[in-house]
Structure formats: structure tokens, C-alpha cells
$ cat target-v3.cif   # mmCIF, C-alpha atoms
data_structure
#
loop_
_atom_site.group_PDB
_atom_site.id
_atom_site.type_symbol
_atom_site.label_atom_id
_atom_site.label_comp_id
_atom_site.auth_asym_id
_atom_site.auth_seq_id
_atom_site.Cartn_x
_atom_site.Cartn_y
_atom_site.Cartn_z
ATOM 1 C CA MET A 1351 153.556 39.718 -91.571
ATOM 2 C CA THR A 1352 154.255 39.029 -87.947
ATOM 3 C CA GLU A 1353 151.742 38.268 -85.250
ATOM 4 C CA LYS A 1354 150.007 41.373 -83.917
ATOM 5 C CA LYS A 1355 151.310 42.560 -80.585
ATOM 6 C CA TRP A 1356 148.017 44.112 -79.622
ATOM 7 C CA GLN A 1357 144.421 43.500 -80.708
ATOM 8 C CA GLY A 1358 143.303 47.058 -80.092
ATOM 9 C CA ASP A 1359 139.642 46.738 -79.108
ATOM 10 C CA THR A 1360 137.976 48.016 -75.950
ATOM 11 C CA PHE A 1361 137.282 45.449 -73.206
ATOM 12 C CA GLY A 1362 133.680 44.206 -72.915
ATOM 13 C CA ASN A 1363 130.880 43.501 -75.349
ATOM 14 C CA ASN A 1364 128.366 45.787 -77.049
ATOM 15 C CA CYS A 1365 125.625 45.040 -74.506
ATOM 16 C CA MET A 1366 127.938 45.968 -71.622
ATOM 17 C CA HIS A 1367 128.932 49.186 -73.373
ATOM 18 C CA ARG A 1368 125.322 50.206 -74.032
ATOM 19 C CA TRP A 1369 124.458 49.572 -70.380
ATOM 20 C CA LEU A 1370 127.401 51.680 -69.199
ATOM 21 C CA ILE A 1371 126.467 54.573 -71.500
ATOM 22 C CA ALA A 1372 122.860 54.476 -70.267
ATOM 23 C CA MET A 1373 123.954 54.509 -66.632
ATOM 24 C CA LEU A 1374 126.433 57.336 -67.151
ATOM 25 C CA ARG A 1375 123.710 59.587 -68.549
ATOM 26 C CA HIS A 1376 122.128 59.768 -65.089
ATOM 27 C CA SER A 1377 125.024 59.392 -62.646
ATOM 28 C CA ASP A 1378 128.361 60.880 -61.645
ATOM 29 C CA VAL A 1379 131.494 59.423 -63.257
ATOM 30 C CA ARG A 1380 133.205 59.417 -59.866
ATOM 31 C CA ILE A 1381 130.945 56.587 -58.724
ATOM 32 C CA TYR A 1382 132.404 54.408 -61.467
ATOM 33 C CA TYR A 1383 135.911 55.625 -60.715
ATOM 34 C CA VAL A 1384 135.599 54.303 -57.168
ATOM 35 C CA PHE A 1385 133.982 51.036 -58.242
ATOM 36 C CA ALA A 1386 136.763 50.386 -60.765
ATOM 37 C CA ALA A 1387 139.538 51.278 -58.319
ATOM 38 C CA VAL A 1388 138.180 49.059 -55.533
ATOM 39 C CA CYS A 1389 136.520 46.151 -57.317
ATOM 40 C CA VAL A 1390 137.978 45.876 -60.813
ATOM 41 C CA ILE A 1391 141.620 46.963 -60.739
ATOM 42 C CA PRO A 1392 142.791 44.535 -57.995
ATOM 43 C CA PHE A 1393 141.404 41.687 -60.107
ATOM 44 C CA CYS A 1394 143.247 43.030 -63.163
ATOM 45 C CA LEU A 1395 146.518 43.252 -61.257
ATOM 46 C CA LEU A 1396 146.247 39.571 -60.378
ATOM 47 C CA PHE A 1397 145.161 38.133 -63.719
ATOM 48 C CA SER A 1398 145.895 40.612 -66.518
ATOM 49 C CA PRO A 1399 149.118 40.153 -68.536
ATOM 50 C CA GLY A 1400 149.084 43.929 -69.025
ATOM 51 C CA ALA A 1401 149.769 44.429 -65.322
ATOM 52 C CA ARG A 1402 153.031 42.499 -65.611
ATOM 53 C CA HIS A 1403 154.109 44.643 -68.561
ATOM 54 C CA ALA A 1404 153.224 47.819 -66.650
ATOM 55 C CA TYR A 1405 155.180 46.591 -63.627
ATOM 56 C CA ARG A 1406 158.275 45.962 -65.782
ATOM 57 C CA TYR A 1407 157.814 49.417 -67.339
ATOM 58 C CA PHE A 1408 158.114 51.042 -63.911
ATOM 59 C CA ARG A 1409 160.948 48.780 -62.799
ATOM 60 C CA ARG A 1410 163.094 49.036 -65.940
ATOM 61 C CA ARG A 1411 162.315 52.465 -67.375
ATOM 62 C CA TRP A 1412 161.812 54.412 -64.136
ATOM 63 C CA HIS A 1413 163.977 52.200 -61.892
ATOM 64 C CA ASN A 1414 161.297 51.973 -59.205
ATOM 65 C CA GLY A 1415 161.738 49.608 -56.300
ATOM 66 C CA CYS A 1416 159.403 46.608 -56.090
ATOM 67 C CA VAL A 1417 156.844 48.240 -53.795
ATOM 68 C CA LYS A 1418 156.844 51.568 -55.643
ATOM 69 C CA ALA A 1419 156.560 49.830 -59.017
ATOM 70 C CA LEU A 1420 153.600 47.803 -57.748
ATOM 71 C CA TRP A 1421 151.895 50.944 -56.456
ATOM 72 C CA HIS A 1422 152.500 52.795 -59.727
ATOM 73 C CA THR A 1423 151.120 49.807 -61.635
ATOM 74 C CA TYR A 1424 147.949 50.071 -59.572
ATOM 75 C CA VAL A 1425 147.739 53.850 -60.170
ATOM 76 C CA ASN A 1426 148.358 53.303 -63.878
ATOM 77 C CA HIS A 1427 145.442 50.873 -64.130
ATOM 78 C CA VAL A 1428 143.178 53.152 -62.084
ATOM 79 C CA LEU A 1429 143.932 56.071 -64.404
ATOM 80 C CA PHE A 1430 143.382 53.906 -67.457
ATOM 81 C CA SER A 1431 139.994 52.813 -66.107
ATOM 82 C CA GLN A 1432 139.096 56.476 -65.603
ATOM 83 C CA VAL A 1433 140.082 57.287 -69.177
ATOM 84 C CA VAL A 1434 137.837 54.474 -70.456
ATOM 85 C CA ILE A 1435 134.970 55.667 -68.228
ATOM 86 C CA ASP A 1436 135.489 59.242 -69.438
ATOM 87 C CA ARG A 1437 135.250 58.054 -73.032
ATOM 88 C CA PHE A 1438 131.897 56.364 -72.408
ATOM 89 C CA ALA A 1439 130.760 59.386 -70.398
ATOM 90 C CA MET A 1440 131.382 61.461 -73.517
ATOM 91 C CA PHE A 1441 129.310 59.001 -75.528
ATOM 92 C CA ALA A 1442 126.571 59.515 -72.920
ATOM 93 C CA GLY A 1443 126.610 63.261 -73.505
ATOM 94 C CA LYS A 1444 128.754 64.457 -70.596
ATOM 95 C CA LYS A 1445 131.405 67.105 -71.158
ATOM 96 C CA MET A 1446 135.059 67.175 -70.184
ATOM 97 C CA SER A 1447 137.168 70.320 -70.076
ATOM 98 C CA LEU A 1448 140.184 70.493 -72.379
ATOM 99 C CA GLN A 1449 143.023 72.987 -72.370
ATOM 100 C CA VAL A 1450 145.429 73.074 -75.310
ATOM 101 C CA GLU A 1451 149.097 74.052 -75.183
ATOM 102 C CA GLY A 1452 150.301 74.855 -78.678
ATOM 103 C CA HIS A 1453 146.873 75.594 -80.142
ATOM 104 C CA ASP A 1454 148.281 78.453 -82.244
ATOM 105 C CA ALA A 1455 150.581 76.047 -84.090
ATOM 106 C CA PHE A 1456 147.645 73.784 -84.909
ATOM 107 C CA LYS A 1457 145.483 76.673 -86.114
ATOM 108 C CA ARG A 1458 148.299 78.014 -88.287
ATOM 109 C CA LEU A 1459 148.682 74.678 -90.069
ATOM 110 C CA ALA A 1460 144.908 74.201 -90.309
ATOM 111 C CA GLN A 1461 144.580 77.542 -92.108
ATOM 112 C CA GLY A 1462 147.221 76.620 -94.689
ATOM 113 C CA GLU A 1463 146.547 75.055 -98.070
ATOM 114 C CA GLU A 1464 148.586 71.898 -97.517
ATOM 115 C CA GLY A 1465 147.455 68.929 -95.516
ATOM 116 C CA PHE A 1466 149.425 67.770 -92.523
ATOM 117 C CA VAL A 1467 149.832 64.734 -90.289
ATOM 118 C CA MET A 1468 149.042 64.508 -86.586
ATOM 119 C CA LEU A 1469 150.825 61.752 -84.673
ATOM 120 C CA SER A 1470 149.319 60.431 -81.454
ATOM 121 C CA ALA A 1471 150.294 57.877 -78.815
ATOM 122 C CA HIS A 1472 148.491 55.595 -76.397
ATOM 123 C CA VAL A 1473 148.998 57.851 -73.410
ATOM 124 C CA GLY A 1474 146.298 59.866 -71.674
ATOM 125 C CA CYS A 1475 143.139 60.018 -73.820
ATOM 126 C CA TYR A 1476 143.724 61.198 -77.367
ATOM 127 C CA GLU A 1477 140.005 61.110 -78.227
ATOM 128 C CA MET A 1478 139.527 64.205 -76.068
ATOM 129 C CA ALA A 1479 141.341 66.167 -78.777
ATOM 130 C CA GLY A 1480 138.121 65.941 -80.782
ATOM 131 C CA TYR A 1481 136.713 68.751 -78.618
ATOM 132 C CA GLU A 1482 139.133 71.518 -79.569
ATOM 133 C CA LEU A 1483 141.588 70.356 -82.248
ATOM 134 C CA VAL A 1484 139.150 70.681 -85.125
ATOM 135 C CA SER A 1485 139.182 72.845 -88.211
ATOM 136 C CA ASP A 1486 136.321 74.510 -90.069
ATOM 137 C CA SER A 1487 138.395 74.723 -93.244
ATOM 138 C CA LYS A 1488 139.996 71.266 -93.306
ATOM 139 C CA PRO A 1489 138.336 67.863 -92.863
ATOM 140 C CA PHE A 1490 139.977 65.805 -90.130
ATOM 141 C CA ASN A 1491 140.649 62.110 -90.837
ATOM 142 C CA ALA A 1492 141.480 59.831 -87.894
ATOM 143 C CA LEU A 1493 143.024 56.410 -88.480
ATOM 144 C CA VAL A 1494 141.453 53.969 -85.993
ATOM 145 C CA TYR A 1495 141.624 50.254 -85.251
ATOM 146 C CA GLY A 1496 139.189 48.491 -87.597
ATOM 147 C CA GLY A 1497 138.279 45.702 -85.177
ATOM 148 C CA GLU A 1498 136.870 48.006 -82.493
ATOM 149 C CA LYS A 1499 133.484 47.227 -80.922
ATOM 150 C CA ALA A 1500 130.448 48.583 -82.794
ATOM 151 C CA SER A 1501 129.284 50.486 -79.710
ATOM 152 C CA VAL A 1502 132.583 52.359 -79.496
ATOM 153 C CA MET A 1503 132.653 53.165 -83.211
ATOM 154 C CA ARG A 1504 129.061 54.376 -83.034
ATOM 155 C CA GLY A 1505 129.846 56.583 -80.039
ATOM 156 C CA ARG A 1506 132.841 58.075 -81.792
ATOM 157 C CA GLN A 1507 130.766 58.818 -84.877
ATOM 158 C CA GLN A 1508 128.058 60.545 -82.843
ATOM 159 C CA LEU A 1509 130.594 62.541 -80.865
ATOM 160 C CA PHE A 1510 132.920 63.656 -83.640
ATOM 161 C CA GLY A 1511 130.742 63.602 -86.751
ATOM 162 C CA HIS A 1512 129.585 67.196 -86.230
ATOM 163 C CA ASN A 1513 133.223 68.331 -85.830
ATOM 164 C CA ASN A 1514 134.127 67.479 -89.425
ATOM 165 C CA ILE A 1515 135.995 64.370 -88.245
ATOM 166 C CA HIS A 1516 136.019 61.267 -90.450
ATOM 167 C CA MET A 1517 137.264 57.906 -89.152
ATOM 168 C CA ILE A 1518 139.406 55.647 -91.357
ATOM 169 C CA PRO A 1519 139.406 52.067 -90.010
ATOM 170 C CA ILE A 1520 142.628 50.098 -90.460
ATOM 171 C CA ARG A 1521 141.731 47.237 -92.825
ATOM 172 C CA THR A 1522 143.527 44.004 -93.598
ATOM 173 C CA ASP A 1523 143.340 44.699 -97.345
ATOM 174 C CA MET A 1524 145.321 47.926 -96.715
ATOM 175 C CA SER A 1525 142.638 50.011 -98.466
ATOM 176 C CA HIS A 1526 142.977 52.587 -95.677
ATOM 177 C CA LEU A 1527 146.245 53.649 -97.331
ATOM 178 C CA PHE A 1528 144.301 54.891 -100.348
ATOM 179 C CA GLU A 1529 142.019 56.937 -98.083
ATOM 180 C CA ILE A 1530 145.049 58.479 -96.368
ATOM 181 C CA ASP A 1531 146.584 59.338 -99.750
ATOM 182 C CA ARG A 1532 143.315 60.882 -100.960
ATOM 183 C CA ALA A 1533 142.941 62.979 -97.817
ATOM 184 C CA LEU A 1534 146.481 64.356 -97.929
ATOM 185 C CA SER A 1535 146.235 65.038 -101.669
ATOM 186 C CA ALA A 1536 143.125 67.110 -100.927
ATOM 187 C CA GLY A 1537 144.955 69.163 -98.294
ATOM 188 C CA GLU A 1538 143.202 67.554 -95.337
ATOM 189 C CA ILE A 1539 144.408 66.549 -91.853
ATOM 190 C CA VAL A 1540 145.266 62.926 -91.126
ATOM 191 C CA SER A 1541 145.719 61.636 -87.575
ATOM 192 C CA ILE A 1542 147.772 58.458 -87.108
ATOM 193 C CA PRO A 1543 148.781 56.575 -83.922
ATOM 194 C CA ALA A 1544 152.556 56.135 -84.091
ATOM 195 C CA ASP A 1545 153.498 54.039 -81.068
ATOM 196 C CA ARG A 1546 152.143 50.566 -81.863
ATOM 197 C CA VAL A 1547 153.211 48.025 -84.471
ATOM 198 C CA TYR A 1548 150.065 46.414 -85.898
ATOM 199 C CA GLY A 1549 151.711 43.516 -87.674
ATOM 200 C CA SER A 1550 153.930 45.015 -90.368
ATOM 201 C CA PRO A 1551 157.617 44.101 -90.022
ATOM 202 C CA ARG A 1552 158.621 47.573 -91.244
ATOM 203 C CA THR A 1553 159.756 49.547 -88.219
ATOM 204 C CA VAL A 1554 162.119 52.331 -87.221
ATOM 205 C CA THR A 1555 164.260 52.114 -84.086
ATOM 206 C CA VAL A 1556 164.390 55.001 -81.598
ATOM 207 C CA ASN A 1557 165.649 55.582 -78.087
ATOM 208 C CA LEU A 1558 162.844 56.063 -75.591
ATOM 209 C CA LEU A 1559 163.424 56.380 -71.848
ATOM 210 C CA GLY A 1560 166.946 55.054 -72.168
ATOM 211 C CA ALA A 1561 166.302 51.931 -74.236
ATOM 212 C CA ALA A 1562 165.795 50.947 -77.874
ATOM 213 C CA ALA A 1563 162.196 50.664 -79.049
ATOM 214 C CA GLU A 1564 160.602 49.945 -82.410
ATOM 215 C CA LEU A 1565 157.966 52.234 -83.869
ATOM 216 C CA PRO A 1566 155.919 51.538 -87.005
ATOM 217 C CA LEU A 1567 157.541 52.959 -90.124
ATOM 218 C CA GLY A 1568 154.327 54.062 -91.858
ATOM 219 C CA PRO A 1569 153.315 57.054 -89.716
ATOM 220 C CA PHE A 1570 156.679 58.705 -90.374
ATOM 221 C CA GLN A 1571 157.021 57.614 -93.984
ATOM 222 C CA VAL A 1572 153.634 59.052 -95.001
ATOM 223 C CA PRO A 1573 154.529 62.718 -94.350
ATOM 224 C CA ALA A 1574 158.141 62.269 -95.502
ATOM 225 C CA MET A 1575 156.965 61.116 -98.933
ATOM 226 C CA ARG A 1576 155.202 64.463 -99.404
ATOM 227 C CA GLN A 1577 157.448 66.677 -97.216
ATOM 228 C CA LEU A 1578 154.404 67.579 -95.121
ATOM 229 C CA ASN A 1579 154.316 69.239 -91.739
ATOM 230 C CA VAL A 1580 153.916 66.937 -88.749
ATOM 231 C CA VAL A 1581 152.585 67.623 -85.272
ATOM 232 C CA THR A 1582 152.427 65.337 -82.273
ATOM 233 C CA VAL A 1583 149.447 65.571 -79.915
ATOM 234 C CA ASN A 1584 149.319 64.004 -76.453
ATOM 235 C CA VAL A 1585 146.180 64.552 -74.366
ATOM 236 C CA MET A 1586 146.794 63.898 -70.683
ATOM 237 C CA LYS A 1587 144.328 63.614 -67.804
ATOM 238 C CA THR A 1588 145.042 66.452 -65.375
ATOM 239 C CA SER A 1589 141.947 66.463 -63.116
ATOM 240 C CA THR A 1590 138.739 64.540 -62.476
ATOM 241 C CA ARG A 1591 137.018 66.001 -65.533
ATOM 242 C CA GLY A 1592 139.878 67.881 -67.137
ATOM 243 C CA TYR A 1593 142.506 67.140 -69.782
ATOM 244 C CA THR A 1594 145.397 69.066 -71.313
ATOM 245 C CA ALA A 1595 146.489 68.583 -74.920
ATOM 246 C CA TYR A 1596 150.158 69.178 -75.719
ATOM 247 C CA VAL A 1597 150.670 70.085 -79.377
ATOM 248 C CA LYS A 1598 154.189 70.166 -80.795
ATOM 249 C CA VAL A 1599 155.379 70.678 -84.384
ATOM 250 C CA LEU A 1600 158.126 68.184 -85.216
ATOM 251 C CA ASP A 1601 161.184 69.549 -87.001
ATOM 252 C CA TYR A 1602 162.913 67.579 -89.748
ATOM 253 C CA ASP A 1603 165.070 68.406 -92.753
ATOM 254 C CA LYS A 1604 162.886 67.986 -95.839
ATOM 255 C CA GLN A 1605 165.918 68.235 -98.132
ATOM 256 C CA THR A 1606 167.654 65.096 -96.859
ATOM 257 C CA PRO A 1607 167.080 61.598 -98.281
ATOM 258 C CA ARG A 1608 163.736 60.102 -97.311
ATOM 259 C CA LYS A 1609 165.253 57.489 -95.026
ATOM 260 C CA GLN A 1610 166.899 60.225 -92.982
ATOM 261 C CA GLN A 1611 163.659 62.222 -92.893
ATOM 262 C CA VAL A 1612 161.837 59.200 -91.494
ATOM 263 C CA GLN A 1613 164.490 58.680 -88.814
ATOM 264 C CA GLN A 1614 164.480 62.375 -87.888
ATOM 265 C CA LEU A 1615 160.693 62.370 -87.504
ATOM 266 C CA ALA A 1616 160.694 59.179 -85.453
ATOM 267 C CA THR A 1617 163.451 60.509 -83.197
ATOM 268 C CA ALA A 1618 161.650 63.827 -82.693
ATOM 269 C CA TYR A 1619 158.390 62.003 -81.979
ATOM 270 C CA ALA A 1620 160.076 59.779 -79.384
ATOM 271 C CA ALA A 1621 161.719 62.812 -77.740
ATOM 272 C CA GLU A 1622 158.373 64.594 -77.399
ATOM 273 C CA LEU A 1623 156.685 61.437 -76.107
ATOM 274 C CA GLU A 1624 159.446 61.012 -73.525
ATOM 275 C CA GLN A 1625 159.035 64.600 -72.378
ATOM 276 C CA VAL A 1626 155.319 64.002 -71.798
ATOM 277 C CA LEU A 1627 155.956 60.720 -70.004
ATOM 278 C CA ARG A 1628 158.410 62.388 -67.636
ATOM 279 C CA ARG A 1629 155.533 64.632 -66.546
ATOM 280 C CA PHE A 1630 152.911 61.858 -66.523
ATOM 281 C CA PRO A 1631 154.747 58.522 -66.090
ATOM 282 C CA THR A 1632 151.639 56.652 -64.884
ATOM 283 C CA GLN A 1633 149.623 57.466 -68.020
ATOM 284 C CA TRP A 1634 151.465 55.023 -70.295
ATOM 285 C CA TYR A 1635 148.922 52.566 -71.726
ATOM 286 C CA ASN A 1636 150.948 50.209 -73.923
ATOM 287 C CA TYR A 1637 150.343 46.878 -72.229
ATOM 288 C CA PHE A 1638 152.802 44.676 -74.084
ATOM 289 C CA GLU A 1639 156.603 44.291 -74.229
ATOM 290 C CA PHE A 1640 157.279 47.630 -75.910
ATOM 291 C CA TRP A 1641 161.057 47.810 -75.569
ATOM 292 C CA LYS A 1642 163.502 45.372 -77.116
#

$ encode --input "target-v3.cif" --output "C-alpha cells"
Amino acid sequence: MTEKKWQGDTFGNNCMHRWLIAMLRHSDVRIYYVFAAVCVIPFCLLFSPGARHAYRYFRRRWHNGCVKALWHTYVNHVLFSQVVIDRFAMFAGKKMSLQVEGHDAFKRLAQGEEGFVMLSAHVGCYEMAGYELVSDSKPFNALVYGGEKASVMRGRQQLFGHNNIHMIPIRTDMSHLFEIDRALSAGEIVSIPADRVYGSPRTVTVNLLGAAAELPLGPFQVPAMRQLNVVTVNVMKTSTRGYTAYVKVLDYDKQTPRKQQVQQLATAYAAELEQVLRRFPTQWYNYFEFWK
């Protein structure tokens, strides 16, 4: 096992999170947007290692000049702060609007007998998919980081529990793999983030935005082992209180050897992620050295 690139938990402690949720119940999210943009983000740009990674992302992947890359880094952090605030606003009972492109494809798979895999990425705010991408006939199982703060896990449970969504924490003893296997064997939906390596040395190499990048092998190997359908879902912030989910079924040849199936899925996933990033380049929230 290699050292984890990313710890995965939300900034702050449980007391801070509870205070924020309480305040958001009785105030407008835009107040916190402004506070974060003016008082918090400049501090982050000076002292956060993530800001340096974001700056290199805009310089190397989008070929921005120094000033433009710095500005986009600031915008990126402002948008990320808004996504975090929106998440806690949801925990506080506020509603966000969500439009879905490709909803018919999701409903068609959800009405089938077989389970399927949904692949997500750390762009936009994937949690917003819990509003609309639910199924009355199939339980929905979401793989989440096991070391997340208790306040965040509790908020997720309150928000998504009534939507037939079950969270599977990633555990060091790898027992989450048995839960994934059980869910897929029962014809259920399993959602897996596919853009971050959590410590396993098993990866698959793809081309993303003109450079080689490593993705975790597991999210693509799981459906290939069963020849299951795979969809990618990216939920992007499109207005102050609005998001759009882009749902795309990934094509791959289920008759080829498994190694080729895995590579085909990873390549298709990267292509769809790149298409979304070309529309929303400032909503990339992987704050580590992603590319080789």
C-alpha cells in the first residue's frame, strides 16, 4: 500500500459543522458565499497546498497565463466553498434545484432486473444527485470515505435515508468490498467515486486533458467482472441555488478480455469527465498532483 494522496474528510470539526447548520436554517446562503469569498478564500490561496495544485492545473492543463491562472484558482476555491456551504444548507433543510440531462437512461437501467454501477468524480457537487437520481425499485448504495466527520455522515443519512440510499463507508479491512458484491448480486445500484486513488497501487492509466493520469482500478474492475452497465454522473453548479446532473451510459465491449474491458471503461469515463471539465473548468476539486 502506498501513502494516501488525499485524506477525504470535510474541513472543520463537528462543533463547527453543527454551528454552521444551525445558522443556515435561519439565513440566506449568499451571506456565507460572500463571507467565504472575501475572508476565507484569500487566506486559503496563501497557505493551502491545494491552491498550488489548482494553480498548476490551470497553467498546465488549460495553458492559462500567470494572472489568468491565479484568477481561476481564486474562482475555483470560491465555487468549492459554495459547494460545501450548499451541502450544509441541505443538511439544514434548504432545497436546491436540480435538472438532469440523461434521466431517461438512468430510469431505464433502474427499472431493469440487473444492478448497475454509477461512477462519480470530485467535480461540482455529486451529493446533489440524491435529490433526483433515486429509484423506488432498486436500493441505492453509495461508497463514501469512511473517515468523514460524524456531522457530515449524520447529515447525509438524514438527507438521503428516505430516498432509499444506503452509504457504504470505505474501511481499512476492505469489508466494503463484500457489501458492494452483495448489493450488485441483489440487482441494486452502487455508486463509486472513480477519480481518486485511496492508497491501493492498482491503477489504470488514461489520457485526461492532454496528459497521462492514473485512476483507481477498482471502480472499473467491479462492473467488468459482472459485465454490468455503467453510467457516469457529474453534477455541476449552474446557478446560485441550481445544479445540473449530466448522466451518460459508458459503452464497452463485454465480450473482450477483462483487462480490455477495464481499459475501455476507464477511457470512456475519462472522456466524459473531460467533456464536462471543458464546460466547467473551474469546478475541478482534486487538490493534489493528479497528473503524472

$ closest_atom_pairs --input "target-v3.cif" --of "region 1545-1588 of chain A" --to "region 1429-1446 of chain A" --cutoff "12 Å" --atoms "only C-alpha atoms" --output "JSON lines"
{"residue": "A:Val1585", "atom": "CA", "partner": "A:Val1433", "partner_atom": "CA", "distance": 10.8}
{"residue": "A:Met1586", "atom": "CA", "partner": "A:Val1433", "partner_atom": "CA", "distance": 9.5}
{"residue": "A:Lys1587", "atom": "CA", "partner": "A:Val1433", "partner_atom": "CA", "distance": 7.7}
{"residue": "A:Thr1588", "atom": "CA", "partner": "A:Leu1429", "partner_atom": "CA", "distance": 10.5}

$ resolve_selection --input "target-v3.cif" --expression "the PyMOL selection byres ((chain A and resi 1606-1616) around 12)" --output "PyMOL selection string"
chain A and resi 1467-1469+1544-1545+1553-1558+1563-1582+1599-1605+1617-1623

$ closest_residue --input "target-v3.cif" --among "A:Lys1642, A:Glu1482, A:Val1384, A:Ala1455" --to "Ala1562 (chain A)" --atoms "all atoms listed in the file"
A:Lys1642

$ closest_residue --input "target-v3.cif" --among "A:Trp1369, A:Tyr1382, A:Tyr1593, A:Trp1634" --to "Gly1480 (chain A)" --atoms "all atoms listed in the file"
A:Tyr1593

$ residues_around --input "target-v3.cif" --residues "Ile1391 (chain A)" --least-positions-apart "2" --cutoff "12 Å" --atoms "all atoms listed in the file" --output "list of chain:residue names"
A:Tyr1382, A:Tyr1383, A:Val1384, A:Phe1385, A:Ala1386, A:Ala1387, A:Val1388, A:Cys1389, A:Phe1393, A:Cys1394, A:Leu1395, A:Leu1396, A:Phe1397, A:Ser1398, A:Gly1400, A:Ala1401, A:Trp1421, A:Thr1423, A:Tyr1424, A:Val1425, A:Asn1426, A:His1427, A:Val1428, A:Leu1429, A:Phe1430, A:Ser1431, A:Gln1432

$ atom_distance --input "target-v3.cif" --atom1 "CA of Gln1625 (chain A)" --atom2 "CA of Ala1460 (chain A)"
24.8 Å

$ atom_distance --input "target-v3.cif" --atom1 "CA of Thr1590 (chain A)" --atom2 "CA of Arg1368 (chain A)"
22.8 Å

$ atom_distance --input "target-v3.cif" --atom1 "CA of Gly1465 (chain A)" --atom2 "CA of Pro1519 (chain A)"
19.5 Å

$ closest_residue --input "target-v3.cif" --among "A:Gln1461, A:Thr1522, A:Thr1594, A:Asn1414" --to "Pro1631 (chain A)" --atoms "all atoms listed in the file"
A:Asn1414

$ resolve_selection --input "target-v3.cif" --expression "the PyMOL selection byres ((chain A and resi 1405) around 8)" --output "number ranges by chain"
A: 1401-1404, 1406-1409, 1419-1420, 1422-1423

$ residues_around --input "target-v3.cif" --residues "Tyr1596 (chain A)" --least-positions-apart "5" --cutoff "9 Å" --atoms "only C-alpha atoms" --output "list in words"
Gln1449, Val1450, Glu1451, Gly1452, His1453, Thr1582, Val1583, Asn1584, Val1585, Met1586 and Val1626 of chain A

$ closest_residue --input "target-v3.cif" --among "A:Ser1470, A:Tyr1481, A:Leu1559, A:Tyr1476" --to "Val1540 (chain A)" --atoms "only C-alpha atoms"
A:Ser1470

$ closest_residue --input "target-v3.cif" --among "A:Val1494, A:Ile1542, A:Ala1561, A:Val1547" --to "Arg1521 (chain A)" --atoms "only C-alpha atoms"
A:Val1494

$ residues_around --input "target-v3.cif" --residues "Ile1530 (chain A)" --least-positions-apart "2" --cutoff "10 Å" --atoms "all atoms listed in the file" --output "list in words"
Val1467, Asn1491, Ala1492, Leu1493, Ile1518, Ser1525, His1526, Leu1527, Phe1528, Arg1532, Ala1533, Leu1534, Ser1535, Ala1536, Glu1538, Ile1539, Val1540, Ser1541, Ile1542 and Val1572 of chain A

$ closest_residue --input "target-v3.cif" --among "A:Arg1458, A:Glu1639, A:Gly1592, A:Ser1377" --to "Ala1479 (chain A)" --atoms "only C-alpha atoms"
A:Gly1592
